[in-house]
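**Q** Supplied in structure tokens, the structure appears directly below.
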Amino acid sequence: MTTIDAHVGASTQAKGTSPSFVAAIGNWVTSSDHKKIGKIFIGCSLLFALSPSILGALFGFERMTPGSTGIVGAGAVTQLVSLYHFDLVFGVLAPLFIGLAIAVVPMQVGARSIAFPRLAQYSLWAWLFGSALVAASLIANGGPGGGSSNMVDLYFLGLGLTIVGLVAASISIATTVLTARAPGMALDYVPPFTWAALVGSIATIVSLPVALSTIIYVYVDHTHAALALGGKGIETTLSWAFSQPQTFVFVVMALGVLAEIAPITARVRQPLRPIVLTGIALITTAVLGAVTQSQHLVDFSGSNAVKTFVPFIVFNGLPLLGVLITVAVSMLSLKEGKPAVNGQFALAVLGALMILVGVAGNFLQNVKATNLSGTVFAEAVTVYLVYGGLLAAMGAIAHWAPKLWGRTLPTQKLLGLAALGVIGTIAAAFPLYIAGFSDQPANALGSFTYDGPIALWNALSGIGHALIALVVIAFIGLLIDAVRNGAQATDDPWNGHTLEWAIPSPAPVNNFAELAQVGSPEPVLDAKPASQEASA
Amino acid sequence: MSIALPAAPAPAPRRQVLIATVLASAAGSMVMAGLLATWLKFRAAAPTRPSSDGLVIIKDWMPKSVVIPEVVTNLTLFAFVILCVMAQWAVYSAKRAQSTHRSLAIGTTFLMGLAALNSQIAVWNQMKLELAKSAYNTMFYTVTGAMVVFIAVGLAFSAVAFFRSVGGRDDDKQVVTSHALYWYFCTAAYVAMWFVVYVQK
């Protein structure tokens with residue numbers, strides 16, 4: 001037997017010694033262990049999730065009386081709305097799943113380390129410092145419409161650094177899947193989450209650099225004012241990076257989480273597995289819509305019906321089809337097996353359903369006859385996607401907690417959080433769907449009116465966001481409590497199918513002491529007695 | 001392992017540096033594609049006006065005073081072609097363990113990269129555009145500046161590959177191949193930029 005990689009720069013301590021606080025911090029900060037890097041990504045993203053949920057609550061209550069002066073001053077609206085969108089997409093959705101992929105993918109493919117661990121480490125700090133710079137610049141009157149020139153420049157630096165960090169992490173993840181798989185693990189044998197991480201990473205690699213090129217232009221324009229983009233230049237040229245279909249690229253891993261957890265919950269092998277992988281890949285066709293940076297509206301009324309229908313169906317229909325296929329075929333495993341519903345499955349499936357509602361909403365929004373373009377409907381789509389992704393990510397964290405922390409999270413409490421989370425998501429987003437049909441404008445906190453219960457829709461949305469903030473706090477508390485006081489998890493608590501369940505809990509620094517031969521998509525299930533698999 | 005799985009034979013050689021270079025080059029290509037797409041968008045949106053005799057429609061995009069030194073830009077294109085040949089020579093030599101040829105080829109690649117960098121700076125010096133004077137000027141420096149960054153990264157890659165080669169790393173085929181691949185990307189990026197910025201203007 002051989003090992004497949006020498007771990008690069010793993011920070012280890014001698015057994016039996018307890019490091020000082022400073023040494024422990026240094027160990028975490030400089031570690032190239034992919035699990036530690038992933039856990040810092042996950043932890044910081046969860047903390048970031050509090051920001052958009054609190055801001056969303058604030059916006060909801062502010063919008064209840066759009067005609068009057070409220071909590072948010074008129075001068076701060078653009079900055080706060082920008083911070084809200086940045087946090088939703090680049091503070092929560094993208095890094096949460098990238099962190100999960102960094103932590104889990106090497107274990108799933110049977111590698112001892114992530115490819116280019118120092119690059120993964122760099123990506124973490126680039127994203128974290130970049131995000132902090134963006135937040136600081138927006139708070140200090142920078143960003144879109146900002147009055148402080150230096151802070152606007154800082155915003156560009158922060159956003160650029162964030163994007164470089166996410167692209168670097170994606171290169172590390174994609175290279176791991178493409179080159180570090182265990183012997184015998186063909187690409188169609190990789191677990192669904194790893195497959196989603198691969199296609200999601202590649203989609204990130206080809207889409208986010210376009211945003212980087214836009215940042216360069218807008219920065220030069222801000223410095224020299226030659227392109228005459230003006231104060232709204234950032235919004236008009238970069239808003240695509242914070243909305244649909246770019247967000248689809250980041251939620252693809254959430255669907256991978258469902259496809260991973262569903263057959264384990266049902267205790268069967270995933271039926272129609274290639275179809276699931278195809279569905280996941282179809283979602284990433286959204287990258288085509290993202291890089292073209294234009295809204296592909298279909299106009300059935302004019303003579304351009306066919307001309308507009310083709311790009312519409314390619315850019316909006318294919319991702320929806322992908323989500324539908326992935327959710328439907330993952331659910332099929334429940335019918336085939338004997339499911340014992342648990343907290344992580346509830347979170348994953350409810351999160352995926354919220355994403356489905358969001359992607360379907362995006363499809364509807366791009367039908368010109370609905371007149372939803374430019375309304376708060378688009379904001380609701382993003383909320384469905386991000387909060388759906390957040391729920392699925394919580395499911396993933398609970399699922400892989402035994403490998404990452406050596407602990408399991410209490411199922412009953414997770415079920416409660418799943419219920420609260422889905423109520424919060426629907427309350428935060430669905431009223432805005434309705435308000436969108438009443439032409440409530442997007443990104444505006446005041447100066448609008450329409451016939452309808454303005455206060456009700458926006459209050460409900462605010463309450464929904466506040467509920468999500470509570471769910472995030474409760475989940476973080478649950479995780480900390482489990483890590484500090486929880487019972488030690490067994491090596492394979494869920495009767496798993498893939499390679500990570502063949503190693504001890506928590507996973508050791510180099511994951512695998514020995515290398516295994518893989519002969520199917522479920523190598524660990526193959527090695528178990530047949531009694532552990534539910535009969536169809 | 002907690003669950004006994006069949007033992008695996010030694011894994012096949014992996015090409016992590018090569019795959020990562022492919023992915024990084026894809027990212028770089030999208031940066032250049034984004035820059036050029038915005039260039040084309042701005043050019044298409046530039047205001048038009050009739051000429052003084054009313055016979056021709058003039059597009060106010062490239063200032064009349066701007067003259068592109070086509071000899072230098074075309075020579076840069078040739079430099080890139082030669083650069084690709086040299087980089088491929090390095091790959092050929094590495095595969096046949098011809099260490100002297102490999103080092104010579106990588107060194108020549110570095111020099112050609114330096115020549116490309118030098119000629120781009122010569123273009124800037126000859127055109128003497130004022131950065132903030134017009135949208136064209138600003139975008140010109142943004143696009144060509146990005147290309148200079150790509151070339152600088154390639155030079156650093158060549159320097160690393162060269163020192164590894166002269167240091168006696170005869171089994172360094174992957175780094176040499178990745179190095180060549182990066183320069184192919186740079187050449188493709190330059191060809192696209194040359195066509196849009198220097199030919200179509």
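Please note that chains go A, B, ... in the order of the structure tokens, that every chain numbers its residues from 1, and that ligands are numbered from 1 in the order shown.
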Could you pull out all residues of range 274-350 of chain A with a DSSP call of helix (DSSP H, G or I) and give them as a ChimeraX atom specification?

**A** /A:274-283,286-292,305-336,343-350

**Q** Which chain B residues are at most 10 Å from chain A (counting only C-alpha atoms), as number ranges by chain?

**A** B: 1-39, 42, 131-139, 141-143, 146

**Q** Residues of the last selection are to be written out with C-alpha atoms, as a PDB file, in the first residue's frame.

**A**
ATOM      1  CA  MET B   1      -9.132   2.699   8.370  1.00  0.00           C
ATOM      2  CA  SER B   2     -12.200   1.986  10.427  1.00  0.00           C
ATOM      3  CA  ILE B   3     -13.801   0.089   7.554  1.00  0.00           C
ATOM      4  CA  ALA B   4     -11.484  -2.184   5.650  1.00  0.00           C
ATOM      5  CA  LEU B   5     -11.336  -1.312   1.981  1.00  0.00           C
ATOM      6  CA  PRO B   6      -9.263  -3.123  -0.640  1.00  0.00           C
ATOM      7  CA  ALA B   7      -5.710  -1.830  -0.789  1.00  0.00           C
ATOM      8  CA  ALA B   8      -4.809   0.266  -3.787  1.00  0.00           C
ATOM      9  CA  PRO B   9      -1.713   0.112  -5.959  1.00  0.00           C
ATOM     10  CA  ALA B  10       0.544   3.137  -6.299  1.00  0.00           C
ATOM     11  CA  PRO B  11      -1.414   6.002  -7.862  1.00  0.00           C
ATOM     12  CA  ALA B  12      -0.700   7.213 -11.365  1.00  0.00           C
ATOM     13  CA  PRO B  13       1.450  10.357 -11.593  1.00  0.00           C
ATOM     14  CA  ARG B  14      -0.700  13.401 -11.052  1.00  0.00           C
ATOM     15  CA  ARG B  15      -0.409  16.651 -12.942  1.00  0.00           C
ATOM     16  CA  GLN B  16      -1.531  19.161 -10.374  1.00  0.00           C
ATOM     17  CA  VAL B  17       0.625  22.046 -11.599  1.00  0.00           C
ATOM     18  CA  LEU B  18      -0.522  21.510 -15.178  1.00  0.00           C
ATOM     19  CA  ILE B  19      -4.226  21.319 -14.251  1.00  0.00           C
ATOM     20  CA  ALA B  20      -3.933  24.379 -11.985  1.00  0.00           C
ATOM     21  CA  THR B  21      -2.207  26.261 -14.808  1.00  0.00           C
ATOM     22  CA  VAL B  22      -5.057  25.338 -17.155  1.00  0.00           C
ATOM     23  CA  LEU B  23      -7.595  26.635 -14.612  1.00  0.00           C
ATOM     24  CA  ALA B  24      -5.623  29.798 -13.859  1.00  0.00           C
ATOM     25  CA  SER B  25      -5.233  30.426 -17.593  1.00  0.00           C
ATOM     26  CA  ALA B  26      -8.995  30.000 -18.009  1.00  0.00           C
ATOM     27  CA  ALA B  27      -9.500  32.617 -15.302  1.00  0.00           C
ATOM     28  CA  GLY B  28      -6.979  34.932 -16.991  1.00  0.00           C
ATOM     29  CA  SER B  29      -8.710  34.423 -20.340  1.00  0.00           C
ATOM     30  CA  MET B  30     -11.996  35.507 -18.800  1.00  0.00           C
ATOM     31  CA  VAL B  31     -10.340  38.634 -17.365  1.00  0.00           C
ATOM     32  CA  MET B  32      -9.061  39.555 -20.836  1.00  0.00           C
ATOM     33  CA  ALA B  33     -12.392  38.599 -22.439  1.00  0.00           C
ATOM     34  CA  GLY B  34     -14.200  40.841 -19.957  1.00  0.00           C
ATOM     35  CA  LEU B  35     -11.837  43.739 -20.648  1.00  0.00           C
ATOM     36  CA  LEU B  36     -12.181  43.402 -24.417  1.00  0.00           C
ATOM     37  CA  ALA B  37     -15.954  42.960 -24.243  1.00  0.00           C
ATOM     38  CA  THR B  38     -16.233  46.203 -22.285  1.00  0.00           C
ATOM     39  CA  TRP B  39     -13.928  47.866 -24.801  1.00  0.00           C
ATOM     40  CA  PHE B  42     -17.833  51.370 -25.113  1.00  0.00           C
ATOM     41  CA  LEU B 131      -4.451  58.557 -19.221  1.00  0.00           C
ATOM     42  CA  ALA B 132      -7.466  60.617 -18.187  1.00  0.00           C
ATOM     43  CA  LYS B 133      -8.024  62.608 -21.370  1.00  0.00           C
ATOM     44  CA  SER B 134     -10.648  60.372 -22.970  1.00  0.00           C
ATOM     45  CA  ALA B 135     -12.458  57.079 -22.509  1.00  0.00           C
ATOM     46  CA  TYR B 136     -10.307  55.590 -25.271  1.00  0.00           C
ATOM     47  CA  ASN B 137      -7.085  56.532 -23.503  1.00  0.00           C
ATOM     48  CA  THR B 138      -8.234  55.159 -20.172  1.00  0.00           C
ATOM     49  CA  MET B 139      -9.428  51.895 -21.644  1.00  0.00           C
ATOM     50  CA  TYR B 141      -4.064  51.705 -20.700  1.00  0.00           C
ATOM     51  CA  THR B 142      -6.383  49.381 -18.762  1.00  0.00           C
ATOM     52  CA  VAL B 143      -6.355  46.653 -21.411  1.00  0.00           C
ATOM     53  CA  ALA B 146      -3.580  43.981 -17.869  1.00  0.00           C
TER      54      ALA B 146
END

**Q** Using only C-alpha atoms, which protein or nucleic acid residues come within 8 Å of Ser165 in chain B? Drop anything in the same chain fewer than 6 positions from it, and give the result as a ChimeraX atom specification.

**A** /B:99,102-103,172

**Q** Where does DSSP see strand (DSSP E) in range 22-187 of chain B, if you list the residues as a list in words?

**A**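 Result set for range 22-187 of chain B (strand (DSSP E)): Thr48, Arg49, Pro50, Ile57, Ile58 and Lys59 of chain B.
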
**Q** Name the closest residue to Arg164 in chain B among the candidates B:Leu181, B:Ile82, B:Val176, B:Trp61; distances are taken between atoms, counting only C-alpha atoms.

**A**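 Among the listed residues, B:Val176 lies closest to Arg164 in chain B.
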
**Q** Give the answer as one residue: which of B:Phe110, B:Phe163, B:Phe185, B:Phe140 has the shortest atom-to-atom distance to Ile68 in chain B, using only C-alpha atoms?

**A** B:Phe140

**Q** So which residues touch Gly130 in chain A within 6 Å, counting only C-alpha atoms, skipping near sequence neighbours fewer than 4 positions away, as an NGL selection string?

**A** :A and (126 or 158-159 or 161-162)

**Q** One number please: CA of Val383 in chain A to CA of Met331 in chain A, in Å, one decimal.

**A**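 Separation between CA of Val383 in chain A and CA of Met331 in chain A: 23.8 Å.
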
**Q** Find the residues near Gly289 in chain A: any atom within 12 Å, counting only C-alpha atoms, skip ones fewer than 4 places away on the same chain, and give them as number ranges by chain.

**A** A: 203, 206-207, 240-241, 243-249, 283-285, 293-297, 311-319

**Q** I want to know what sits within 6 Å of range 363-368 of chain A, based on only C-alpha atoms, with residues of the same chain fewer than 3 positions away left out; could you give that as a compact mmCIF listing (two decimals) with C-alpha atoms, in the first residue's frame?

**A**
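And here's out-v1.txt as it stands now:
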# COMPACT_ATOMS: atom_id res chain seq x y z
CA LEU A 297 -36.14 38.61 -21.01
CA VAL A 298 -38.58 36.72 -23.18
CA ASP A 299 -41.13 38.91 -24.96
CA ASN A 316 -32.98 30.75 -17.30
CA ALA A 360 -38.44 29.27 -10.50
CA ASN A 371 -43.24 43.39 -15.53
CA LEU A 372 -41.19 42.16 -12.58

**Q** Using only C-alpha atoms, which protein or nucleic acid residues come within 12 Å of Ala132 in chain A? Drop anything in the same chain fewer than 3 positions from it, and give the result as a list in words.

**A**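 Answer for this query is Cys44, Ser45, Phe48, Leu83, Phe86, Asp87, Phe90, Gly91, Trp125, Ala126, Trp127, Leu128, Phe129, Ala135, Ala136, Ser137, Leu138, Ile139, Leu154, Tyr155, Leu157, Gly158, Leu159, Leu161 and Thr162 of chain A.
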
**Q** May I ask for the distance between CA of Ala111 in chain A and CA of Asn510 in chain A, given in Å to one decimal place?

**A**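 Those two atoms sit 8.3 Å apart.
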